[in-house]
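Text of entry_8.pdb, listed as PDB, C-alpha atoms (C1' of nucleotides):
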```
ATOM      1  CA  MET A   1     -30.637 -13.026 -39.931  1.00  0.00           C
ATOM      2  CA  HIS A   2     -30.925 -12.679 -43.698  1.00  0.00           C
ATOM      3  CA  LEU A   3     -28.669  -9.936 -45.012  1.00  0.00           C
ATOM      4  CA  LYS A   4     -31.485  -8.126 -46.800  1.00  0.00           C
ATOM      5  CA  LEU A   5     -33.286  -7.739 -43.496  1.00  0.00           C
ATOM      6  CA  ARG A   6     -30.122  -6.615 -41.758  1.00  0.00           C
ATOM      7  CA  ILE A   7     -29.570  -3.971 -44.438  1.00  0.00           C
ATOM      8  CA  LEU A   8     -33.144  -2.744 -44.044  1.00  0.00           C
ATOM      9  CA  LYS A   9     -32.722  -2.458 -40.301  1.00  0.00           C
ATOM     10  CA  ALA A  10     -29.442  -0.634 -40.815  1.00  0.00           C
ATOM     11  CA  LEU A  11     -31.214   1.857 -43.089  1.00  0.00           C
ATOM     12  CA  SER A  12     -34.132   2.376 -40.702  1.00  0.00           C
ATOM     13  CA  ASP A  13     -32.631   5.073 -38.549  1.00  0.00           C
ATOM     14  CA  GLU A  14     -32.502   8.795 -39.131  1.00  0.00           C
ATOM     15  CA  THR A  15     -28.916   9.213 -37.952  1.00  0.00           C
ATOM     16  CA  ARG A  16     -27.737   6.432 -40.226  1.00  0.00           C
ATOM     17  CA  LEU A  17     -29.647   7.840 -43.203  1.00  0.00           C
ATOM     18  CA  ASN A  18     -27.908  11.158 -42.542  1.00  0.00           C
ATOM     19  CA  ILE A  19     -24.530   9.438 -42.472  1.00  0.00           C
ATOM     20  CA  LEU A  20     -25.299   7.798 -45.811  1.00  0.00           C
ATOM     21  CA  GLU A  21     -26.304  11.124 -47.324  1.00  0.00           C
ATOM     22  CA  PHE A  22     -23.044  12.623 -46.106  1.00  0.00           C
ATOM     23  CA  LEU A  23     -21.130   9.816 -47.807  1.00  0.00           C
ATOM     24  CA  ARG A  24     -22.810  10.307 -51.170  1.00  0.00           C
ATOM     25  CA  ASP A  25     -19.890  12.312 -52.478  1.00  0.00           C
ATOM     26  CA  GLY A  26     -17.228   9.860 -51.370  1.00  0.00           C
ATOM     27  CA  GLU A  27     -15.443   8.570 -48.328  1.00  0.00           C
ATOM     28  CA  LYS A  28     -15.233  10.582 -45.148  1.00  0.00           C
ATOM     29  CA  CYS A  29     -13.261  10.029 -41.965  1.00  0.00           C
ATOM     30  CA  VAL A  30     -14.976   9.683 -38.609  1.00  0.00           C
ATOM     31  CA  CYS A  31     -13.586  13.050 -37.557  1.00  0.00           C
ATOM     32  CA  GLU A  32     -15.634  14.631 -40.374  1.00  0.00           C
ATOM     33  CA  ILE A  33     -18.748  12.575 -39.789  1.00  0.00           C
ATOM     34  CA  VAL A  34     -19.022  13.295 -36.079  1.00  0.00           C
ATOM     35  CA  PRO A  35     -19.336  17.095 -36.316  1.00  0.00           C
ATOM     36  CA  TYR A  36     -21.621  16.789 -39.364  1.00  0.00           C
ATOM     37  CA  ILE A  37     -24.024  14.506 -37.521  1.00  0.00           C
ATOM     38  CA  GLY A  38     -23.758  16.473 -34.316  1.00  0.00           C
ATOM     39  CA  THR A  39     -23.986  13.703 -31.768  1.00  0.00           C
ATOM     40  CA  SER A  40     -21.266  12.096 -29.670  1.00  0.00           C
ATOM     41  CA  GLN A  41     -18.257  10.347 -31.194  1.00  0.00           C
ATOM     42  CA  SER A  42     -19.276   7.155 -29.442  1.00  0.00           C
ATOM     43  CA  ASN A  43     -22.771   7.301 -30.815  1.00  0.00           C
ATOM     44  CA  VAL A  44     -21.550   7.865 -34.363  1.00  0.00           C
ATOM     45  CA  SER A  45     -19.060   5.038 -33.991  1.00  0.00           C
ATOM     46  CA  GLN A  46     -21.817   2.636 -33.041  1.00  0.00           C
ATOM     47  CA  HIS A  47     -24.010   3.692 -35.942  1.00  0.00           C
ATOM     48  CA  LEU A  48     -21.050   3.200 -38.276  1.00  0.00           C
ATOM     49  CA  ARG A  49     -20.536  -0.291 -36.916  1.00  0.00           C
ATOM     50  CA  ILE A  50     -24.167  -1.182 -37.613  1.00  0.00           C
ATOM     51  CA  LEU A  51     -23.804   0.026 -41.206  1.00  0.00           C
ATOM     52  CA  LYS A  52     -20.553  -1.888 -41.561  1.00  0.00           C
ATOM     53  CA  ASP A  53     -22.007  -5.079 -40.075  1.00  0.00           C
ATOM     54  CA  ALA A  54     -24.786  -4.843 -42.659  1.00  0.00           C
ATOM     55  CA  ASN A  55     -22.170  -4.583 -45.426  1.00  0.00           C
ATOM     56  CA  VAL A  56     -23.431  -1.162 -46.361  1.00  0.00           C
ATOM     57  CA  LEU A  57     -20.176   0.560 -45.447  1.00  0.00           C
ATOM     58  CA  THR A  58     -16.507  -0.394 -45.404  1.00  0.00           C
ATOM     59  CA  ASP A  59     -13.677   1.322 -43.697  1.00  0.00           C
ATOM     60  CA  ARG A  60     -10.053   1.999 -44.440  1.00  0.00           C
ATOM     61  CA  LYS A  61      -7.388   3.047 -42.017  1.00  0.00           C
ATOM     62  CA  GLU A  62      -4.972   5.845 -42.822  1.00  0.00           C
ATOM     63  CA  GLY A  63      -2.746   7.003 -40.016  1.00  0.00           C
ATOM     64  CA  LYS A  64      -4.831   7.937 -37.023  1.00  0.00           C
ATOM     65  CA  SER A  65      -7.955   8.283 -39.104  1.00  0.00           C
ATOM     66  CA  ILE A  66     -10.500   5.774 -40.330  1.00  0.00           C
ATOM     67  CA  TYR A  67     -12.326   6.511 -43.560  1.00  0.00           C
ATOM     68  CA  TYR A  68     -15.769   5.090 -44.211  1.00  0.00           C
ATOM     69  CA  SER A  69     -17.341   4.676 -47.623  1.00  0.00           C
ATOM     70  CA  ILE A  70     -20.244   2.996 -49.349  1.00  0.00           C
ATOM     71  CA  VAL A  71     -19.710  -0.603 -50.449  1.00  0.00           C
ATOM     72  CA  ASP A  72     -22.284  -0.619 -53.232  1.00  0.00           C
ATOM     73  CA  GLY A  73     -23.587   2.611 -54.713  1.00  0.00           C
ATOM     74  CA  ASP A  74     -26.787   0.846 -55.765  1.00  0.00           C
ATOM     75  CA  ILE A  75     -27.999   1.445 -52.248  1.00  0.00           C
ATOM     76  CA  TYR A  76     -28.538   5.076 -53.210  1.00  0.00           C
ATOM     77  CA  ARG A  77     -30.761   4.111 -56.124  1.00  0.00           C
ATOM     78  CA  CYS A  78     -32.789   2.131 -53.663  1.00  0.00           C
ATOM     79  CA  LEU A  79     -32.996   5.019 -51.189  1.00  0.00           C
ATOM     80  CA  ASP A  80     -33.932   7.434 -53.961  1.00  0.00           C
ATOM     81  CA  ASP A  81     -36.654   5.087 -55.157  1.00  0.00           C
ATOM     82  CA  LEU A  82     -38.016   4.979 -51.638  1.00  0.00           C
ATOM     83  CA  GLU A  83     -37.922   8.755 -51.470  1.00  0.00           C
ATOM     84  CA  GLY A  84     -39.980   8.842 -54.662  1.00  0.00           C
ATOM     85  CA  ILE A  85     -42.426   6.276 -53.342  1.00  0.00           C
ATOM     86  CA  ALA A  86     -42.847   8.315 -50.173  1.00  0.00           C
ATOM     87  CA  GLU A  87     -43.341  11.556 -52.111  1.00  0.00           C
ATOM     88  CA  ASN A  88     -45.980   9.959 -54.308  1.00  0.00           C
ATOM     89  CA  ALA A  89     -47.760   8.640 -51.261  1.00  0.00           C
ATOM     90  CA  VAL A  90     -47.846  12.108 -49.726  1.00  0.00           C
ATOM     91  CA  ARG A  91     -49.048  13.579 -53.013  1.00  0.00           C
ATOM     92  CA  ARG A  92     -51.891  11.070 -53.178  1.00  0.00           C
ATOM     93  CA  LEU A  93     -52.859  11.769 -49.580  1.00  0.00           C
ATOM     94  CA  LEU A  94     -52.989  15.510 -50.271  1.00  0.00           C
ATOM     95  CA  GLU A  95     -54.992  15.113 -53.486  1.00  0.00           C
ATOM     96  CA  ILE A  96     -57.806  13.414 -51.653  1.00  0.00           C
ATOM     97  CA  TYR A  97     -58.536  16.450 -49.459  1.00  0.00           C
TER
ATOM     98  CA  MET B   1     -41.394  11.121 -38.671  1.00  0.00           C
ATOM     99  CA  HIS B   2     -40.528  11.403 -42.355  1.00  0.00           C
ATOM    100  CA  LEU B   3     -42.536   8.943 -44.441  1.00  0.00           C
ATOM    101  CA  LYS B   4     -39.448   7.428 -46.063  1.00  0.00           C
ATOM    102  CA  LEU B   5     -38.165   6.465 -42.632  1.00  0.00           C
ATOM    103  CA  ARG B   6     -41.538   5.115 -41.619  1.00  0.00           C
ATOM    104  CA  ILE B   7     -41.642   2.978 -44.751  1.00  0.00           C
ATOM    105  CA  LEU B   8     -38.154   1.651 -44.047  1.00  0.00           C
ATOM    106  CA  LYS B   9     -39.146   0.730 -40.503  1.00  0.00           C
ATOM    107  CA  ALA B  10     -42.279  -0.943 -41.814  1.00  0.00           C
ATOM    108  CA  LEU B  11     -40.145  -3.027 -44.180  1.00  0.00           C
ATOM    109  CA  SER B  12     -37.617  -3.971 -41.496  1.00  0.00           C
ATOM    110  CA  ASP B  13     -39.365  -6.985 -40.082  1.00  0.00           C
ATOM    111  CA  GLU B  14     -39.346 -10.541 -41.295  1.00  0.00           C
ATOM    112  CA  THR B  15     -43.057 -11.130 -40.768  1.00  0.00           C
ATOM    113  CA  ARG B  16     -43.929  -7.993 -42.702  1.00  0.00           C
ATOM    114  CA  LEU B  17     -41.559  -8.883 -45.534  1.00  0.00           C
ATOM    115  CA  ASN B  18     -43.305 -12.247 -45.728  1.00  0.00           C
ATOM    116  CA  ILE B  19     -46.679 -10.544 -45.890  1.00  0.00           C
ATOM    117  CA  LEU B  20     -45.457  -8.353 -48.750  1.00  0.00           C
ATOM    118  CA  GLU B  21     -44.162 -11.387 -50.636  1.00  0.00           C
ATOM    119  CA  PHE B  22     -47.531 -13.044 -50.209  1.00  0.00           C
ATOM    120  CA  LEU B  23     -49.214  -9.973 -51.678  1.00  0.00           C
ATOM    121  CA  ARG B  24     -47.045  -9.901 -54.810  1.00  0.00           C
ATOM    122  CA  ASP B  25     -49.694 -11.616 -56.870  1.00  0.00           C
ATOM    123  CA  GLY B  26     -52.525  -9.365 -55.774  1.00  0.00           C
ATOM    124  CA  GLU B  27     -54.783  -8.610 -52.881  1.00  0.00           C
ATOM    125  CA  LYS B  28     -55.452 -11.147 -50.162  1.00  0.00           C
ATOM    126  CA  CYS B  29     -57.872 -11.149 -47.295  1.00  0.00           C
ATOM    127  CA  VAL B  30     -56.725 -11.406 -43.702  1.00  0.00           C
ATOM    128  CA  CYS B  31     -58.186 -14.893 -43.484  1.00  0.00           C
ATOM    129  CA  GLU B  32     -55.695 -15.974 -46.173  1.00  0.00           C
ATOM    130  CA  ILE B  33     -52.740 -14.062 -44.759  1.00  0.00           C
ATOM    131  CA  VAL B  34     -53.033 -15.426 -41.225  1.00  0.00           C
ATOM    132  CA  PRO B  35     -52.606 -19.118 -42.075  1.00  0.00           C
ATOM    133  CA  TYR B  36     -49.881 -18.312 -44.598  1.00  0.00           C
ATOM    134  CA  ILE B  37     -47.844 -16.390 -42.044  1.00  0.00           C
ATOM    135  CA  GLY B  38     -48.557 -18.898 -39.314  1.00  0.00           C
ATOM    136  CA  THR B  39     -48.820 -16.614 -36.333  1.00  0.00           C
ATOM    137  CA  SER B  40     -51.873 -15.377 -34.451  1.00  0.00           C
ATOM    138  CA  GLN B  41     -54.614 -13.375 -36.119  1.00  0.00           C
ATOM    139  CA  SER B  42     -53.986 -10.545 -33.699  1.00  0.00           C
ATOM    140  CA  ASN B  43     -50.293 -10.444 -34.489  1.00  0.00           C
ATOM    141  CA  VAL B  44     -50.932 -10.373 -38.228  1.00  0.00           C
ATOM    142  CA  SER B  45     -53.518  -7.650 -37.782  1.00  0.00           C
ATOM    143  CA  GLN B  46     -51.000  -5.464 -35.978  1.00  0.00           C
ATOM    144  CA  HIS B  47     -48.338  -5.990 -38.631  1.00  0.00           C
ATOM    145  CA  LEU B  48     -50.899  -5.092 -41.296  1.00  0.00           C
ATOM    146  CA  ARG B  49     -51.703  -1.895 -39.462  1.00  0.00           C
ATOM    147  CA  ILE B  50     -48.031  -0.908 -39.413  1.00  0.00           C
ATOM    148  CA  LEU B  51     -47.795  -1.480 -43.166  1.00  0.00           C
ATOM    149  CA  LYS B  52     -50.989   0.479 -43.703  1.00  0.00           C
ATOM    150  CA  ASP B  53     -49.850   3.368 -41.500  1.00  0.00           C
ATOM    151  CA  ALA B  54     -46.697   3.554 -43.611  1.00  0.00           C
ATOM    152  CA  ASN B  55     -48.825   3.802 -46.752  1.00  0.00           C
ATOM    153  CA  VAL B  56     -47.375   0.570 -48.054  1.00  0.00           C
ATOM    154  CA  LEU B  57     -50.713  -1.263 -47.961  1.00  0.00           C
ATOM    155  CA  THR B  58     -54.344  -0.291 -48.343  1.00  0.00           C
ATOM    156  CA  ASP B  59     -57.383  -2.276 -47.401  1.00  0.00           C
ATOM    157  CA  ARG B  60     -60.820  -2.781 -48.808  1.00  0.00           C
ATOM    158  CA  LYS B  61     -63.808  -4.224 -47.059  1.00  0.00           C
ATOM    159  CA  GLU B  62     -66.006  -6.820 -48.709  1.00  0.00           C
ATOM    160  CA  GLY B  63     -68.621  -8.400 -46.549  1.00  0.00           C
ATOM    161  CA  LYS B  64     -67.036  -9.878 -43.477  1.00  0.00           C
ATOM    162  CA  SER B  65     -63.595  -9.895 -45.046  1.00  0.00           C
ATOM    163  CA  ILE B  66     -60.940  -7.222 -45.392  1.00  0.00           C
ATOM    164  CA  TYR B  67     -58.645  -7.391 -48.374  1.00  0.00           C
ATOM    165  CA  TYR B  68     -55.160  -5.912 -48.230  1.00  0.00           C
ATOM    166  CA  SER B  69     -53.089  -4.921 -51.217  1.00  0.00           C
ATOM    167  CA  ILE B  70     -49.980  -2.976 -52.167  1.00  0.00           C
ATOM    168  CA  VAL B  71     -50.424   0.760 -52.716  1.00  0.00           C
ATOM    169  CA  ASP B  72     -47.435   1.238 -55.015  1.00  0.00           C
ATOM    170  CA  GLY B  73     -45.858  -1.711 -56.799  1.00  0.00           C
ATOM    171  CA  ASP B  74     -42.566   0.185 -57.023  1.00  0.00           C
ATOM    172  CA  ILE B  75     -41.916  -1.022 -53.524  1.00  0.00           C
ATOM    173  CA  TYR B  76     -41.174  -4.451 -55.004  1.00  0.00           C
ATOM    174  CA  ARG B  77     -38.561  -3.027 -57.337  1.00  0.00           C
ATOM    175  CA  CYS B  78     -36.948  -1.512 -54.306  1.00  0.00           C
ATOM    176  CA  LEU B  79     -37.081  -4.785 -52.347  1.00  0.00           C
ATOM    177  CA  ASP B  80     -35.711  -6.685 -55.337  1.00  0.00           C
ATOM    178  CA  ASP B  81     -32.862  -4.203 -55.667  1.00  0.00           C
ATOM    179  CA  LEU B  82     -32.064  -4.732 -52.023  1.00  0.00           C
ATOM    180  CA  GLU B  83     -32.138  -8.478 -52.531  1.00  0.00           C
ATOM    181  CA  GLY B  84     -29.611  -8.047 -55.336  1.00  0.00           C
ATOM    182  CA  ILE B  85     -27.431  -5.784 -53.236  1.00  0.00           C
ATOM    183  CA  ALA B  86     -27.469  -8.346 -50.440  1.00  0.00           C
ATOM    184  CA  GLU B  87     -26.663 -11.206 -52.812  1.00  0.00           C
ATOM    185  CA  ASN B  88     -23.736  -9.292 -54.271  1.00  0.00           C
ATOM    186  CA  ALA B  89     -22.439  -8.557 -50.813  1.00  0.00           C
ATOM    187  CA  VAL B  90     -22.573 -12.241 -49.911  1.00  0.00           C
ATOM    188  CA  ARG B  91     -20.862 -13.143 -53.174  1.00  0.00           C
ATOM    189  CA  ARG B  92     -18.047 -10.695 -52.480  1.00  0.00           C
ATOM    190  CA  LEU B  93     -17.645 -12.024 -48.959  1.00  0.00           C
ATOM    191  CA  LEU B  94     -17.386 -15.584 -50.266  1.00  0.00           C
ATOM    192  CA  GLU B  95     -14.936 -14.673 -53.033  1.00  0.00           C
ATOM    193  CA  ILE B  96     -12.462 -13.368 -50.534  1.00  0.00           C
ATOM    194  CA  TYR B  97     -12.019 -16.777 -48.870  1.00  0.00           C
TER
ATOM    195  C1'  DT C   1     -82.332 -10.672 -33.001  1.00  0.00           C
ATOM    196  C1'  DA C   2     -79.080 -14.234 -31.538  1.00  0.00           C
ATOM    197  C1'  DA C   3     -75.058 -16.875 -32.848  1.00  0.00           C
ATOM    198  C1'  DG C   4     -71.104 -17.303 -35.598  1.00  0.00           C
ATOM    199  C1'  DT C   5     -67.318 -15.542 -38.265  1.00  0.00           C
ATOM    200  C1'  DA C   6     -63.761 -12.022 -39.504  1.00  0.00           C
ATOM    201  C1'  DT C   7     -61.041  -8.572 -37.963  1.00  0.00           C
ATOM    202  C1'  DA C   8     -59.316  -4.919 -34.826  1.00  0.00           C
ATOM    203  C1'  DT C   9     -57.875  -3.043 -30.473  1.00  0.00           C
ATOM    204  C1'  DA C  10     -56.052  -2.893 -25.645  1.00  0.00           C
ATOM    205  C1'  DA C  11     -53.132  -4.286 -22.123  1.00  0.00           C
ATOM    206  C1'  DA C  12     -49.278  -6.759 -20.536  1.00  0.00           C
ATOM    207  C1'  DT C  13     -44.893  -8.721 -21.009  1.00  0.00           C
ATOM    208  C1'  DA C  14     -40.690  -9.769 -23.364  1.00  0.00           C
ATOM    209  C1'  DC C  15     -37.189  -8.280 -26.305  1.00  0.00           C
ATOM    210  C1'  DA C  16     -34.448  -5.102 -29.143  1.00  0.00           C
ATOM    211  C1'  DT C  17     -32.515  -0.611 -30.085  1.00  0.00           C
ATOM    212  C1'  DC C  18     -30.657   4.033 -29.032  1.00  0.00           C
ATOM    213  C1'  DA C  19     -28.041   7.430 -26.416  1.00  0.00           C
ATOM    214  C1'  DT C  20     -24.911   8.332 -22.775  1.00  0.00           C
ATOM    215  C1'  DT C  21     -21.019   7.731 -19.910  1.00  0.00           C
ATOM    216  C1'  DA C  22     -16.846   5.801 -19.018  1.00  0.00           C
ATOM    217  C1'  DT C  23     -12.940   3.316 -20.553  1.00  0.00           C
ATOM    218  C1'  DA C  24      -9.867   0.967 -23.867  1.00  0.00           C
ATOM    219  C1'  DT C  25      -6.951   0.677 -28.062  1.00  0.00           C
ATOM    220  C1'  DA C  26      -4.113   2.436 -31.661  1.00  0.00           C
ATOM    221  C1'  DT C  27      -1.335   5.971 -33.891  1.00  0.00           C
ATOM    222  C1'  DT C  28       1.536   9.981 -34.058  1.00  0.00           C
ATOM    223  C1'  DG C  29       4.605  13.768 -32.573  1.00  0.00           C
ATOM    224  C1'  DG C  30       7.665  15.448 -29.295  1.00  0.00           C
TER
ATOM    225  C1'  DC D   1       8.611   6.494 -24.037  1.00  0.00           C
ATOM    226  C1'  DC D   2       4.956   9.959 -22.938  1.00  0.00           C
ATOM    227  C1'  DA D   3       1.197  12.887 -24.095  1.00  0.00           C
ATOM    228  C1'  DA D   4      -2.224  13.869 -27.389  1.00  0.00           C
ATOM    229  C1'  DT D   5      -5.450  12.580 -30.860  1.00  0.00           C
ATOM    230  C1'  DA D   6      -8.690   9.401 -33.289  1.00  0.00           C
ATOM    231  C1'  DT D   7     -11.624   5.806 -32.845  1.00  0.00           C
ATOM    232  C1'  DA D   8     -13.839   1.687 -30.737  1.00  0.00           C
ATOM    233  C1'  DT D   9     -15.973  -0.923 -27.067  1.00  0.00           C
ATOM    234  C1'  DA D  10     -18.578  -1.953 -22.743  1.00  0.00           C
ATOM    235  C1'  DA D  11     -22.062  -1.097 -19.566  1.00  0.00           C
ATOM    236  C1'  DT D  12     -26.151   1.226 -18.308  1.00  0.00           C
ATOM    237  C1'  DG D  13     -30.671   3.246 -18.557  1.00  0.00           C
ATOM    238  C1'  DA D  14     -34.339   4.795 -21.479  1.00  0.00           C
ATOM    239  C1'  DT D  15     -37.234   4.126 -25.216  1.00  0.00           C
ATOM    240  C1'  DG D  16     -39.335   1.508 -28.789  1.00  0.00           C
ATOM    241  C1'  DT D  17     -41.080  -2.732 -30.946  1.00  0.00           C
ATOM    242  C1'  DA D  18     -42.991  -7.544 -31.119  1.00  0.00           C
ATOM    243  C1'  DT D  19     -45.821 -11.153 -29.280  1.00  0.00           C
ATOM    244  C1'  DT D  20     -49.422 -12.883 -26.487  1.00  0.00           C
ATOM    245  C1'  DT D  21     -53.827 -12.896 -24.280  1.00  0.00           C
ATOM    246  C1'  DA D  22     -58.128 -11.110 -23.756  1.00  0.00           C
ATOM    247  C1'  DT D  23     -61.848  -8.405 -25.396  1.00  0.00           C
ATOM    248  C1'  DA D  24     -64.406  -5.477 -28.665  1.00  0.00           C
ATOM    249  C1'  DT D  25     -66.572  -4.391 -33.145  1.00  0.00           C
ATOM    250  C1'  DA D  26     -68.756  -5.378 -37.429  1.00  0.00           C
ATOM    251  C1'  DC D  27     -70.991  -8.164 -40.644  1.00  0.00           C
ATOM    252  C1'  DT D  28     -73.803 -12.248 -41.972  1.00  0.00           C
ATOM    253  C1'  DT D  29     -76.959 -15.834 -41.658  1.00  0.00           C
ATOM    254  C1'  DA D  30     -80.340 -18.603 -39.405  1.00  0.00           C
TER
END
```
Could you render the structure as structure tokens?
Amino acid sequence: MHLKLRILKALSDETRLNILEFLRDGEKCVCEIVPYIGTSQSNVSQHLRILKDANVLTDRKEGKSIYYSIVDGDIYRCLDDLEGIAENAVRRLLEIY
Amino acid sequence: MHLKLRILKALSDETRLNILEFLRDGEKCVCEIVPYIGTSQSNVSQHLRILKDANVLTDRKEGKSIYYSIVDGDIYRCLDDLEGIAENAVRRLLEIY
DNA sequence: TAAGTATATAAATACATCATTATATATTGG
DNA sequence: CCAATATATAATGATGTATTTATATACTTA
């Protein structure tokens, strides 16, 4: 599968978008991500793998912990653009009525 | 579902990405899109509906034909950014070895 | 108005994805 | 080395998505 498509699929999930938002201000270890997201450790781990397989995240081991961080910060520009596109779409829909 | 997420899901399919590429140079009617994509008319119609429901495409009727076009061209900037992000990721992966 | 063309919708099946549960691996402290 | 902690993986069931086939709707032209 082309990497662009894999990245898009990796981004197309609410839990994973929340993980990415949580990582905006730098790397976080799984033990921080799990309680923030509020689902099971296993579930978070699998979402992290999907983001890593898409080259959106990397990880780094330190002692017992594994820290995840964004590979390329440009992804946030892209997500913010999409947010703007979505907001404009909503605005247009509301204007009509 | 939040519109941003719906847009991302709409973009996360190879057929739909191909449709969007085909629409870069302006509106096209379904009768042009179907042969370009090379799958059934019904299949294309359903993909178009998903893109329309996500507010990525709009349509316009003219006689027997229905013309689809992009709502907000910014979506291409976003897709191009993603393409660049993907290319950089591949480049980094290749550099390592 | 009947036939033909363009497109959409519905229903069915096949396939992919998500969440959960259970288990495995790796690291550290005692 | 053993127990505890942090994380990953495997297997399952549930849900969602894509494709196909068949049918419906809408417009046009004869």
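For chain C, the residues close to chain B, meaning within 9 Å and counting all atoms listed in the file, are DT5, DA6, DT7 and DA8 of chain C.
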Could you tell me how far atom CA of Asp59 of chain B sits from atom CA of Ile33 of chain B, in Å to one decimal place?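 Separation of atom CA of Ile33 of chain B and atom CA of Asp59 of chain B: 12.9 Å.
For the pair atom CA of Ile37 of chain A and atom CA of Asn18 of chain A, the interatomic distance is 7.2 Å.
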Hey, which of A:Glu27, A:Tyr67, A:Ile75, A:Phe22 ends up closest to chain D? Count only C-alpha atoms (C1' of nucleotides). A:Tyr67
Figure out the distance between atom CA of Tyr68 of chain B and atom CA of Gly84 of chain A, please, to one decimal in Å.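 Pair atom CA of Gly84 of chain A / atom CA of Tyr68 of chain B returns 22.1 Å.
The set of residues that the PyMOL selection byres ((chain D) within 10 of (chain B)) takes from this file is DA18, DT19, DT20, DT21, DA26, DC27 and DT28 of chain D.
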Within 12 Å of chain A, which residues of chain B show up? Give each one with its shortest atom-to-atom distance in Å (one decimal) and the two atoms involved, counting only C-alpha atoms, rows by chain then rising residue number, as CSV.
```
residue,atom,partner,partner_atom,distance
B:Met1,CA,A:Glu14,CA,9.2
B:His2,CA,A:Ala86,CA,8.7
B:Leu3,CA,A:Ala86,CA,5.8
B:Lys4,CA,A:Ala86,CA,5.4
B:Leu5,CA,A:Ser12,CA,6.1
B:Arg6,CA,A:Ser12,CA,7.9
B:Ile7,CA,A:Ala86,CA,7.7
B:Leu8,CA,A:Ser12,CA,5.3
B:Lys9,CA,A:Ser12,CA,5.3
B:Ala10,CA,A:Ser12,CA,8.9
B:Leu11,CA,A:Leu8,CA,7.0
B:Ser12,CA,A:Lys9,CA,5.3
B:Asp13,CA,A:Leu5,CA,7.0
B:Glu14,CA,A:Leu5,CA,7.0
B:Thr15,CA,A:Leu5,CA,10.7
B:Arg16,CA,A:Leu5,CA,10.7
B:Leu17,CA,A:Leu5,CA,8.6
B:Asn18,CA,A:Leu5,CA,11.2
B:Lys52,CA,A:Ala89,CA,11.6
B:Asp53,CA,A:Ala89,CA,11.3
B:Ala54,CA,A:Ala86,CA,9.0
B:Asn55,CA,A:Ala89,CA,6.7
B:Val56,CA,A:Ala89,CA,8.7
B:Leu57,CA,A:Ala89,CA,10.8
B:Thr58,CA,A:Ala89,CA,11.5
B:Ile70,CA,A:Ala89,CA,11.9
B:Val71,CA,A:Ala89,CA,8.4
B:Asp72,CA,A:Ile85,CA,7.3
B:Gly73,CA,A:Ile85,CA,9.4
B:Asp74,CA,A:Ile85,CA,7.1
B:Ile75,CA,A:Ile85,CA,7.3
B:Tyr76,CA,A:Leu82,CA,10.5
B:Arg77,CA,A:Cys78,CA,8.6
B:Cys78,CA,A:Cys78,CA,5.6
B:Leu79,CA,A:Cys78,CA,8.2
B:Asp80,CA,A:Cys78,CA,9.4
B:Asp81,CA,A:Cys78,CA,6.6
B:Leu82,CA,A:Lys4,CA,6.3
B:Glu83,CA,A:Lys4,CA,5.8
B:Gly84,CA,A:Lys4,CA,8.7
B:Ile85,CA,A:Asp74,CA,7.1
B:Ala86,CA,A:Lys4,CA,5.4
B:Glu87,CA,A:Leu3,CA,8.2
B:Asn88,CA,A:Asp72,CA,8.9
B:Ala89,CA,A:Asn55,CA,6.7
B:Val90,CA,A:Leu3,CA,8.2
B:Arg91,CA,A:Asn55,CA,11.6
B:Arg92,CA,A:Asn55,CA,10.2
B:Leu93,CA,A:Asn55,CA,9.4
```
Evaluate the PyMOL selection byres ((chain D and resi 15) around 12) here and jot the selected residues down as a PyMOL selection string. (chain C and resi 16-19) or (chain D and resi 13-14+16-17)
When you get a chance, write out N, CA and C atoms for segment 54-63 of chain B, as a PDB file, in the coordinates of the input.
```
ATOM      1  N   ALA B  54     -47.843   3.079 -42.825  1.00  0.00           N
ATOM      2  CA  ALA B  54     -46.697   3.554 -43.611  1.00  0.00           C
ATOM      3  C   ALA B  54     -47.076   3.780 -45.069  1.00  0.00           C
ATOM      4  N   ASN B  55     -48.350   3.634 -45.379  1.00  0.00           N
ATOM      5  CA  ASN B  55     -48.825   3.802 -46.752  1.00  0.00           C
ATOM      6  C   ASN B  55     -48.260   2.778 -47.724  1.00  0.00           C
ATOM      7  N   VAL B  56     -47.859   1.638 -47.186  1.00  0.00           N
ATOM      8  CA  VAL B  56     -47.375   0.570 -48.054  1.00  0.00           C
ATOM      9  C   VAL B  56     -48.562  -0.282 -48.507  1.00  0.00           C
ATOM     10  N   LEU B  57     -49.519  -0.480 -47.623  1.00  0.00           N
ATOM     11  CA  LEU B  57     -50.713  -1.263 -47.961  1.00  0.00           C
ATOM     12  C   LEU B  57     -51.967  -0.405 -47.826  1.00  0.00           C
ATOM     13  N   THR B  58     -52.984  -0.805 -48.583  1.00  0.00           N
ATOM     14  CA  THR B  58     -54.344  -0.291 -48.343  1.00  0.00           C
ATOM     15  C   THR B  58     -55.252  -1.467 -48.106  1.00  0.00           C
ATOM     16  N   ASP B  59     -56.433  -1.182 -47.610  1.00  0.00           N
ATOM     17  CA  ASP B  59     -57.383  -2.276 -47.401  1.00  0.00           C
ATOM     18  C   ASP B  59     -58.731  -1.902 -47.991  1.00  0.00           C
ATOM     19  N   ARG B  60     -59.531  -2.910 -48.150  1.00  0.00           N
ATOM     20  CA  ARG B  60     -60.820  -2.781 -48.808  1.00  0.00           C
ATOM     21  C   ARG B  60     -61.726  -3.783 -48.134  1.00  0.00           C
ATOM     22  N   LYS B  61     -62.898  -3.336 -47.775  1.00  0.00           N
ATOM     23  CA  LYS B  61     -63.808  -4.224 -47.059  1.00  0.00           C
ATOM     24  C   LYS B  61     -64.771  -4.862 -48.043  1.00  0.00           C
ATOM     25  N   GLU B  62     -65.002  -6.146 -47.874  1.00  0.00           N
ATOM     26  CA  GLU B  62     -66.006  -6.820 -48.709  1.00  0.00           C
ATOM     27  C   GLU B  62     -66.692  -7.852 -47.838  1.00  0.00           C
ATOM     28  N   GLY B  63     -67.896  -7.518 -47.459  1.00  0.00           N
ATOM     29  CA  GLY B  63     -68.621  -8.400 -46.549  1.00  0.00           C
ATOM     30  C   GLY B  63     -67.901  -8.488 -45.222  1.00  0.00           C
TER      31      GLY B  63
END
```
